[in-house]
Amino acid sequence: SGGKTIGFKMCVGRPEEFAALCHAMIDSGTVPDFITIDGGEGGTGAAPAEFQDSLGMPARDGLRFINSMLIGCNLRDQVKLIVAGKVYSGFALVRMLATGADLCNTARSMMFALGCIQALKCNSNHCPTGITTQQPHLESGLDVGTKALRVANYQEATVHSALEIIGALGCKSPKEVTSDMIYRRSATNGGYGVENYADLQAEAYFAKLPEGALVDPAKKDQLPPQYVGWWE
């Protein structure tokens, strides 16, 4: 690749299919530099409505699962995980970092900053805002100088907000954010329970695996039954 990073983007569907990818990485000795995890809640306006609404694993679940699988295969330190899926605010970014992401992408919110009105005409060449069209009379609606400033301002403000939250957590770097720092309401105690993301990762369907648990026979008894099924 001439020193260029190589990776792929995916939205998780069937867990056993990603398990097969992990098997291939181990068997071939070839590991991607990065994996971009897209959430089922994302999607271009050109996609069929049912695909946007109903297909693919949500970003946080997909991130938890892939992060856990790579840890279980002893591959996590070789792969950077990028996540996308309605990452639109400083807290949304911090929450993804706490869940296991190394960095985040965002598309929808950047499109809004650019002037997207969700007309759902991305693939028609008739986008009324001029963003996804090559028709001159519509293109003229996209003033590059003005919109570029808006996108840059949005990016700067969102990152600034995320860094303020990270500082408020007592961290000096985004790398120091961990899952036990983020809390959420739970269904326990009449809906007034509280759990942190570390608890969620320990008990969830996509539980966080011990390092090497998928490749070390001595740790097989530590695998939840669903992981055994996906892996074998």
# chains A, B, ... in the order shown; residues from 1 in each chain; ligands from 1
>>> select_by_dssp(residues="stretch 36-198 of chain A", states="strand (DSSP E or B)", output="number ranges by chain")
A: 36-38, 80-84, 103-104, 183-186, 193-196
>>> write_last_selection(atoms="N, CA and C atoms", output="PDB file, in the first residue's frame")
ATOM      1  N   THR A  36     -14.242   0.960  10.287  1.00  0.00           N
ATOM      2  CA  THR A  36     -15.243   1.986  10.555  1.00  0.00           C
ATOM      3  C   THR A  36     -16.588   1.295  10.752  1.00  0.00           C
ATOM      4  N   ILE A  37     -17.175   1.504  11.917  1.00  0.00           N
ATOM      5  CA  ILE A  37     -18.448   0.866  12.270  1.00  0.00           C
ATOM      6  C   ILE A  37     -19.559   1.870  12.069  1.00  0.00           C
ATOM      7  N   ASP A  38     -20.438   1.589  11.128  1.00  0.00           N
ATOM      8  CA  ASP A  38     -21.573   2.474  10.870  1.00  0.00           C
ATOM      9  C   ASP A  38     -22.795   1.904  11.567  1.00  0.00           C
ATOM     10  N   LYS A  80      -7.562   0.212  14.754  1.00  0.00           N
ATOM     11  CA  LYS A  80      -8.250   1.409  15.242  1.00  0.00           C
ATOM     12  C   LYS A  80      -9.728   1.284  14.899  1.00  0.00           C
ATOM     13  N   LEU A  81     -10.582   1.598  15.863  1.00  0.00           N
ATOM     14  CA  LEU A  81     -12.027   1.529  15.644  1.00  0.00           C
ATOM     15  C   LEU A  81     -12.586   2.941  15.496  1.00  0.00           C
ATOM     16  N   ILE A  82     -13.217   3.164  14.355  1.00  0.00           N
ATOM     17  CA  ILE A  82     -13.879   4.431  14.057  1.00  0.00           C
ATOM     18  C   ILE A  82     -15.375   4.156  14.061  1.00  0.00           C
ATOM     19  N   VAL A  83     -16.162   5.032  14.639  1.00  0.00           N
ATOM     20  CA  VAL A  83     -17.603   4.781  14.696  1.00  0.00           C
ATOM     21  C   VAL A  83     -18.373   5.976  14.153  1.00  0.00           C
ATOM     22  N   ALA A  84     -19.469   5.682  13.472  1.00  0.00           N
ATOM     23  CA  ALA A  84     -20.355   6.708  12.933  1.00  0.00           C
ATOM     24  C   ALA A  84     -21.795   6.252  13.151  1.00  0.00           C
ATOM     25  N   LEU A 103     -11.874   6.934  17.528  1.00  0.00           N
ATOM     26  CA  LEU A 103     -12.287   8.227  16.987  1.00  0.00           C
ATOM     27  C   LEU A 103     -13.660   8.087  16.352  1.00  0.00           C
ATOM     28  N   CYS A 104     -14.257   9.213  15.999  1.00  0.00           N
ATOM     29  CA  CYS A 104     -15.618   9.219  15.470  1.00  0.00           C
ATOM     30  C   CYS A 104     -15.691   9.951  14.138  1.00  0.00           C
ATOM     31  N   TYR A 183     -22.705   7.290  32.908  1.00  0.00           N
ATOM     32  CA  TYR A 183     -23.853   6.647  33.539  1.00  0.00           C
ATOM     33  C   TYR A 183     -25.124   6.886  32.722  1.00  0.00           C
ATOM     34  N   ARG A 184     -26.100   6.018  32.944  1.00  0.00           N
ATOM     35  CA  ARG A 184     -27.404   6.192  32.304  1.00  0.00           C
ATOM     36  C   ARG A 184     -28.484   5.616  33.213  1.00  0.00           C
ATOM     37  N   ARG A 185     -29.702   6.023  32.972  1.00  0.00           N
ATOM     38  CA  ARG A 185     -30.835   5.462  33.684  1.00  0.00           C
ATOM     39  C   ARG A 185     -31.046   4.013  33.243  1.00  0.00           C
ATOM     40  N   SER A 186     -31.505   3.161  34.180  1.00  0.00           N
ATOM     41  CA  SER A 186     -31.810   1.778  33.836  1.00  0.00           C
ATOM     42  C   SER A 186     -33.245   1.469  34.226  1.00  0.00           C
ATOM     43  N   GLY A 193     -33.339   3.399  38.415  1.00  0.00           N
ATOM     44  CA  GLY A 193     -32.023   2.815  38.629  1.00  0.00           C
ATOM     45  C   GLY A 193     -30.968   3.528  37.805  1.00  0.00           C
ATOM     46  N   VAL A 194     -29.727   3.332  38.177  1.00  0.00           N
ATOM     47  CA  VAL A 194     -28.591   3.944  37.474  1.00  0.00           C
ATOM     48  C   VAL A 194     -27.546   2.870  37.234  1.00  0.00           C
ATOM     49  N   GLU A 195     -26.954   2.871  36.048  1.00  0.00           N
ATOM     50  CA  GLU A 195     -25.859   1.958  35.754  1.00  0.00           C
ATOM     51  C   GLU A 195     -24.820   2.690  34.921  1.00  0.00           C
ATOM     52  N   ASN A 196     -23.578   2.290  35.053  1.00  0.00           N
ATOM     53  CA  ASN A 196     -22.569   2.895  34.198  1.00  0.00           C
ATOM     54  C   ASN A 196     -22.296   1.979  33.012  1.00  0.00           C
TER      55      ASN A 196
END
>>> residues_around(residues="stretch 166-179 of chain A", least_positions_apart="3", cutoff="9 Å", atoms="only C-alpha atoms", output="MDAnalysis selection string")
chainID A and resid 94:95 97:100 102 161:163 182:183 196:201
>>> residues_around(residues="A:Gly13", least_positions_apart="2", cutoff="7 Å", atoms="only C-alpha atoms", output="mmCIF file with N, CA, C and O atoms, in the first residue's frame")
data_model
loop_
_atom_site.group_PDB
_atom_site.id
_atom_site.type_symbol
_atom_site.label_atom_id
_atom_site.label_comp_id
_atom_site.auth_asym_id
_atom_site.auth_seq_id
_atom_site.Cartn_x
_atom_site.Cartn_y
_atom_site.Cartn_z
ATOM 1 N N CYS A 11 -21.568 -2.014 8.579
ATOM 2 C CA CYS A 11 -22.642 -1.969 9.571
ATOM 3 C C CYS A 11 -22.900 -3.421 9.958
ATOM 4 O O CYS A 11 -23.115 -4.269 9.087
ATOM 5 N N PRO A 15 -23.758 -11.418 13.692
ATOM 6 C CA PRO A 15 -22.499 -11.478 14.451
ATOM 7 C C PRO A 15 -21.542 -12.552 13.953
ATOM 8 O O PRO A 15 -20.324 -12.350 13.948
ATOM 9 N N GLY A 56 -29.625 -3.310 10.076
ATOM 10 C CA GLY A 56 -28.314 -3.010 10.658
ATOM 11 C C GLY A 56 -28.376 -2.779 12.157
ATOM 12 O O GLY A 56 -29.372 -2.307 12.708
ATOM 13 N N MET A 57 -27.286 -3.119 12.818
ATOM 14 C CA MET A 57 -27.180 -2.968 14.261
ATOM 15 C C MET A 57 -26.897 -1.510 14.619
ATOM 16 O O MET A 57 -26.129 -0.841 13.931
#
>>> select_by_dssp(residues="stretch 5-231 of chain A", states="alpha helix (DSSP H)", output="MDAnalysis selection string")
chainID A and resid 15:28 49:54 59:72 90:99 108:114 136:139 144:168 188:191 197:203 225:231
>>> residues_around(residues="A:Glu16", least_positions_apart="2", cutoff="9 Å", atoms="only C-alpha atoms", output="PyMOL selection string")
chain A and resi 13-14+18-21+227+229-232
>>> write_last_selection(atoms="N, CA, C and O atoms", output="tab-separated table (two decimals), in the first residue's frame")
chain	number	residue	atom	x	y	z
A	13	GLY	N	-24.41	-6.82	10.81
A	13	GLY	CA	-25.67	-7.51	10.61
A	13	GLY	C	-25.70	-8.77	11.45
A	13	GLY	O	-26.14	-8.77	12.59
A	14	ARG	N	-25.14	-9.87	10.92
A	14	ARG	CA	-25.08	-11.13	11.64
A	14	ARG	C	-23.74	-11.24	12.38
A	14	ARG	O	-22.68	-11.17	11.75
A	18	PHE	N	-19.04	-11.39	11.27
A	18	PHE	CA	-17.84	-10.69	11.72
A	18	PHE	C	-16.88	-11.66	12.41
A	18	PHE	O	-15.66	-11.51	12.30
A	19	ALA	N	-17.43	-12.67	13.10
A	19	ALA	CA	-16.56	-13.69	13.69
A	19	ALA	C	-15.75	-14.39	12.60
A	19	ALA	O	-14.56	-14.69	12.79
A	20	ALA	N	-16.38	-14.62	11.43
A	20	ALA	CA	-15.66	-15.24	10.31
A	20	ALA	C	-14.53	-14.32	9.82
A	20	ALA	O	-13.45	-14.81	9.45
A	21	LEU	N	-14.76	-13.01	9.83
A	21	LEU	CA	-13.70	-12.07	9.47
A	21	LEU	C	-12.53	-12.16	10.44
A	21	LEU	O	-11.36	-12.12	10.04
A	227	TYR	N	-21.43	-16.03	22.31
A	227	TYR	CA	-20.14	-15.87	21.65
A	227	TYR	C	-19.59	-17.21	21.17
A	227	TYR	O	-18.96	-17.29	20.12
A	229	GLY	N	-21.35	-19.72	20.13
A	229	GLY	CA	-22.08	-20.02	18.91
A	229	GLY	C	-21.59	-19.24	17.71
A	229	GLY	O	-21.41	-19.80	16.62
A	230	TRP	N	-21.34	-17.95	17.90
A	230	TRP	CA	-20.84	-17.11	16.79
A	230	TRP	C	-19.45	-17.53	16.36
A	230	TRP	O	-19.14	-17.55	15.19
A	231	TRP	N	-18.61	-17.88	17.33
A	231	TRP	CA	-17.20	-18.16	17.03
A	231	TRP	C	-17.04	-19.54	16.37
A	231	TRP	O	-16.21	-19.71	15.50
A	232	GLU	N	-17.83	-20.49	16.79
A	232	GLU	CA	-17.65	-21.86	16.29
A	232	GLU	C	-18.55	-22.15	15.09
A	232	GLU	O	-18.27	-23.07	14.34
>>> closest_residue(among="A:Val31, A:Ala202, A:Ile165, A:Met69", to="A:Val228", atoms="only C-alpha atoms")
A:Met69
>>> closest_residue(among="A:Ala157, A:Thr106, A:Leu114, A:Ser28", to="A:Asp143", atoms="only C-alpha atoms")
A:Leu114
>>> closest_residue(among="A:Leu142, A:Cys122, A:Ile35, A:Ile131", to="A:Asn105", atoms="only C-alpha atoms")
A:Ile35
>>> atom_distance(atom1="atom CA of A:Val151", atom2="atom CA of A:Tyr88")
12.4 Å
>>> closest_residue(among="A:Met110, A:Leu120, A:Leu209, A:Tyr192", to="A:Asn153", atoms="only C-alpha atoms")
A:Met110
>>> residues_around(residues="A:Glu211", least_positions_apart="5", cutoff="12 Å", atoms="only C-alpha atoms", output="list of chain:residue names")
A:Asn67, A:Ser68, A:Met69, A:Leu70, A:Ile71, A:Gly72, A:Cys73, A:Asn74, A:Leu75, A:Arg76, A:Asp77, A:Asp216, A:Ala218, A:Lys219, A:Lys220, A:Gln222, A:Leu223
>>> write_last_selection(atoms="all heavy atoms", output="short mmCIF file (atom, residue, chain, number, x, y, z; two decimals), in the first residue's frame")
data_model
loop_
_atom_site.label_atom_id
_atom_site.label_comp_id
_atom_site.auth_asym_id
_atom_site.auth_seq_id
_atom_site.Cartn_x
_atom_site.Cartn_y
_atom_site.Cartn_z
N ASN A 67 -15.59 -4.34 19.24
CA ASN A 67 -14.53 -4.10 20.23
C ASN A 67 -14.27 -5.36 21.05
O ASN A 67 -13.12 -5.77 21.26
CB ASN A 67 -14.94 -2.94 21.14
CG ASN A 67 -13.84 -2.54 22.11
OD1 ASN A 67 -12.70 -2.31 21.73
ND2 ASN A 67 -14.19 -2.43 23.39
N SER A 68 -15.34 -6.01 21.49
CA SER A 68 -15.23 -7.21 22.30
C SER A 68 -14.63 -8.37 21.51
O SER A 68 -13.76 -9.10 22.02
CB SER A 68 -16.61 -7.60 22.84
OG SER A 68 -16.51 -8.68 23.73
N MET A 69 -15.05 -8.55 20.26
CA MET A 69 -14.52 -9.63 19.44
C MET A 69 -13.02 -9.46 19.21
O MET A 69 -12.25 -10.42 19.30
CB MET A 69 -15.25 -9.68 18.09
CG MET A 69 -16.67 -10.19 18.16
SD MET A 69 -16.78 -11.94 18.59
CE MET A 69 -16.03 -12.71 17.16
N LEU A 70 -12.59 -8.24 18.93
CA LEU A 70 -11.16 -8.00 18.69
C LEU A 70 -10.34 -8.21 19.96
O LEU A 70 -9.23 -8.73 19.91
CB LEU A 70 -10.95 -6.59 18.14
CG LEU A 70 -11.52 -6.33 16.74
CD1 LEU A 70 -11.33 -4.87 16.36
CD2 LEU A 70 -10.88 -7.24 15.70
N ILE A 71 -10.90 -7.83 21.10
CA ILE A 71 -10.23 -8.09 22.38
C ILE A 71 -10.11 -9.60 22.60
O ILE A 71 -9.05 -10.11 22.99
CB ILE A 71 -10.99 -7.42 23.55
CG1 ILE A 71 -10.87 -5.90 23.47
CG2 ILE A 71 -10.46 -7.92 24.89
CD1 ILE A 71 -11.75 -5.16 24.47
N GLY A 72 -11.19 -10.31 22.34
CA GLY A 72 -11.19 -11.75 22.52
C GLY A 72 -10.24 -12.48 21.60
O GLY A 72 -9.80 -13.59 21.90
N CYS A 73 -9.90 -11.85 20.46
CA CYS A 73 -8.97 -12.45 19.49
C CYS A 73 -7.54 -11.94 19.67
O CYS A 73 -6.66 -12.29 18.86
CB CYS A 73 -9.42 -12.14 18.07
SG CYS A 73 -10.97 -12.90 17.60
N ASN A 74 -7.30 -11.10 20.66
CA ASN A 74 -5.98 -10.47 20.86
C ASN A 74 -5.58 -9.62 19.65
O ASN A 74 -4.39 -9.54 19.31
CB ASN A 74 -4.90 -11.52 21.14
CG ASN A 74 -4.88 -11.96 22.59
OD1 ASN A 74 -5.31 -11.23 23.48
ND2 ASN A 74 -4.39 -13.18 22.83
N LEU A 75 -6.56 -8.98 19.02
CA LEU A 75 -6.28 -8.14 17.85
C LEU A 75 -6.56 -6.67 18.09
O LEU A 75 -6.26 -5.84 17.24
CB LEU A 75 -7.12 -8.61 16.65
CG LEU A 75 -6.86 -10.01 16.11
CD1 LEU A 75 -7.90 -10.37 15.04
CD2 LEU A 75 -5.45 -10.11 15.55
N ARG A 76 -7.13 -6.35 19.25
CA ARG A 76 -7.62 -4.97 19.45
C ARG A 76 -6.52 -3.93 19.36
O ARG A 76 -6.75 -2.83 18.83
CB ARG A 76 -8.32 -4.87 20.81
CG ARG A 76 -8.91 -3.49 21.11
CD ARG A 76 -9.98 -3.11 20.10
NE ARG A 76 -10.51 -1.78 20.36
CZ ARG A 76 -10.02 -0.67 19.86
NH1 ARG A 76 -8.95 -0.70 19.06
NH2 ARG A 76 -10.58 0.50 20.12
N ASP A 77 -5.32 -4.25 19.81
CA ASP A 77 -4.25 -3.25 19.79
C ASP A 77 -3.69 -3.02 18.39
O ASP A 77 -2.91 -2.10 18.17
CB ASP A 77 -3.12 -3.63 20.74
CG ASP A 77 -2.48 -4.97 20.39
OD1 ASP A 77 -3.08 -5.74 19.62
OD2 ASP A 77 -1.37 -5.25 20.90
N ASP A 216 -7.77 -18.64 23.35
CA ASP A 216 -7.08 -19.36 24.42
C ASP A 216 -8.03 -20.42 24.98
O ASP A 216 -9.01 -20.09 25.66
CB ASP A 216 -6.66 -18.39 25.52
CG ASP A 216 -5.84 -19.07 26.60
OD1 ASP A 216 -5.76 -20.31 26.61
OD2 ASP A 216 -5.27 -18.35 27.46
N ALA A 218 -7.89 -22.22 27.47
CA ALA A 218 -8.01 -22.16 28.92
C ALA A 218 -9.05 -21.14 29.38
O ALA A 218 -9.51 -21.20 30.52
CB ALA A 218 -6.65 -21.81 29.53
N LYS A 219 -9.43 -20.22 28.48
CA LYS A 219 -10.41 -19.19 28.85
C LYS A 219 -11.79 -19.44 28.24
O LYS A 219 -12.68 -18.60 28.37
CB LYS A 219 -9.91 -17.81 28.39
CG LYS A 219 -8.64 -17.35 29.08
CD LYS A 219 -8.21 -15.96 28.62
CE LYS A 219 -6.96 -15.49 29.33
NZ LYS A 219 -6.53 -14.14 28.89
N LYS A 220 -11.96 -20.58 27.59
CA LYS A 220 -13.22 -20.84 26.90
C LYS A 220 -14.41 -20.83 27.85
O LYS A 220 -15.51 -20.44 27.48
CB LYS A 220 -13.15 -22.18 26.17
CG LYS A 220 -14.35 -22.44 25.26
CD LYS A 220 -14.16 -23.68 24.42
CE LYS A 220 -15.37 -23.88 23.51
NZ LYS A 220 -15.22 -25.09 22.66
N GLN A 222 -14.98 -18.84 30.07
CA GLN A 222 -15.36 -17.46 30.38
C GLN A 222 -16.22 -16.83 29.29
O GLN A 222 -16.65 -15.70 29.43
CB GLN A 222 -14.10 -16.61 30.57
CG GLN A 222 -13.18 -17.08 31.69
CD GLN A 222 -11.94 -16.22 31.82
OE1 GLN A 222 -11.99 -14.99 31.72
NE2 GLN A 222 -10.80 -16.84 32.07
N LEU A 223 -16.45 -17.58 28.21
CA LEU A 223 -17.22 -17.05 27.08
C LEU A 223 -18.72 -17.19 27.32
O LEU A 223 -19.19 -18.27 27.68
CB LEU A 223 -16.85 -17.78 25.79
CG LEU A 223 -15.45 -17.58 25.23
CD1 LEU A 223 -15.23 -18.49 24.03
CD2 LEU A 223 -15.25 -16.12 24.82
#
>>> decode(residues="stretch 59-70 of chain A", atoms="all heavy atoms", output="short mmCIF file (atom, residue, chain, number, x, y, z; two decimals), in the first residue's frame")
data_model
loop_
_atom_site.label_atom_id
_atom_site.label_comp_id
_atom_site.auth_asym_id
_atom_site.auth_seq_id
_atom_site.Cartn_x
_atom_site.Cartn_y
_atom_site.Cartn_z
N ALA A 59 -25.23 1.77 16.22
CA ALA A 59 -23.79 2.03 16.31
C ALA A 59 -23.19 1.59 17.64
O ALA A 59 -22.13 0.95 17.67
CB ALA A 59 -23.51 3.52 16.08
N ARG A 60 -23.85 1.90 18.76
CA ARG A 60 -23.26 1.55 20.05
C ARG A 60 -23.19 0.04 20.26
O ARG A 60 -22.22 -0.48 20.81
CB ARG A 60 -24.04 2.22 21.19
CG ARG A 60 -23.58 3.64 21.47
CD ARG A 60 -24.35 4.27 22.60
NE ARG A 60 -25.66 4.73 22.16
CZ ARG A 60 -26.62 5.14 22.99
NH1 ARG A 60 -26.42 5.10 24.29
NH2 ARG A 60 -27.77 5.57 22.53
N ASP A 61 -24.22 -0.68 19.81
CA ASP A 61 -24.19 -2.14 19.93
C ASP A 61 -23.12 -2.73 19.01
O ASP A 61 -22.39 -3.64 19.39
CB ASP A 61 -25.56 -2.73 19.57
CG ASP A 61 -26.61 -2.41 20.61
OD1 ASP A 61 -26.24 -2.17 21.77
OD2 ASP A 61 -27.81 -2.41 20.26
N GLY A 62 -23.05 -2.22 17.77
CA GLY A 62 -22.04 -2.70 16.85
C GLY A 62 -20.63 -2.44 17.36
O GLY A 62 -19.74 -3.30 17.23
N LEU A 63 -20.44 -1.27 17.96
CA LEU A 63 -19.13 -0.92 18.52
C LEU A 63 -18.77 -1.85 19.67
O LEU A 63 -17.65 -2.37 19.76
CB LEU A 63 -19.12 0.53 18.98
CG LEU A 63 -17.89 1.02 19.75
CD1 LEU A 63 -16.62 0.87 18.91
CD2 LEU A 63 -18.08 2.47 20.18
N ARG A 64 -19.72 -2.07 20.59
CA ARG A 64 -19.46 -2.96 21.73
C ARG A 64 -19.09 -4.36 21.24
O ARG A 64 -18.16 -4.98 21.75
CB ARG A 64 -20.70 -3.03 22.64
CG ARG A 64 -20.79 -1.93 23.66
CD ARG A 64 -21.77 -2.26 24.76
NE ARG A 64 -23.13 -2.31 24.25
CZ ARG A 64 -23.97 -1.29 24.29
NH1 ARG A 64 -23.58 -0.14 24.79
NH2 ARG A 64 -25.20 -1.41 23.83
N PHE A 65 -19.83 -4.84 20.25
CA PHE A 65 -19.60 -6.18 19.75
C PHE A 65 -18.24 -6.32 19.07
O PHE A 65 -17.46 -7.23 19.39
CB PHE A 65 -20.73 -6.57 18.77
CG PHE A 65 -20.44 -7.81 17.99
CD1 PHE A 65 -20.31 -9.03 18.62
CD2 PHE A 65 -20.29 -7.76 16.61
CE1 PHE A 65 -20.02 -10.18 17.89
CE2 PHE A 65 -20.01 -8.89 15.88
CZ PHE A 65 -19.88 -10.12 16.52
N ILE A 66 -17.93 -5.43 18.14
CA ILE A 66 -16.66 -5.53 17.41
C ILE A 66 -15.48 -5.31 18.34
O ILE A 66 -14.46 -6.01 18.28
CB ILE A 66 -16.63 -4.54 16.23
CG1 ILE A 66 -17.62 -5.01 15.15
CG2 ILE A 66 -15.23 -4.40 15.65
CD1 ILE A 66 -17.68 -4.13 13.92
N ASN A 67 -15.59 -4.34 19.24
CA ASN A 67 -14.53 -4.10 20.23
C ASN A 67 -14.27 -5.36 21.05
O ASN A 67 -13.12 -5.77 21.26
CB ASN A 67 -14.94 -2.94 21.14
CG ASN A 67 -13.84 -2.54 22.11
OD1 ASN A 67 -12.70 -2.31 21.73
ND2 ASN A 67 -14.19 -2.43 23.39
N SER A 68 -15.34 -6.01 21.49
CA SER A 68 -15.23 -7.21 22.30
C SER A 68 -14.63 -8.37 21.51
O SER A 68 -13.76 -9.10 22.02
CB SER A 68 -16.61 -7.60 22.84
OG SER A 68 -16.51 -8.68 23.73
N MET A 69 -15.05 -8.55 20.26
CA MET A 69 -14.52 -9.63 19.44
C MET A 69 -13.02 -9.46 19.21
O MET A 69 -12.25 -10.42 19.30
CB MET A 69 -15.25 -9.68 18.09
CG MET A 69 -16.67 -10.19 18.16
SD MET A 69 -16.78 -11.94 18.59
CE MET A 69 -16.03 -12.71 17.16
N LEU A 70 -12.59 -8.24 18.93
CA LEU A 70 -11.16 -8.00 18.69
C LEU A 70 -10.34 -8.21 19.96
O LEU A 70 -9.23 -8.73 19.91
CB LEU A 70 -10.95 -6.59 18.14
CG LEU A 70 -11.52 -6.33 16.74
CD1 LEU A 70 -11.33 -4.87 16.36
CD2 LEU A 70 -10.88 -7.24 15.70
#
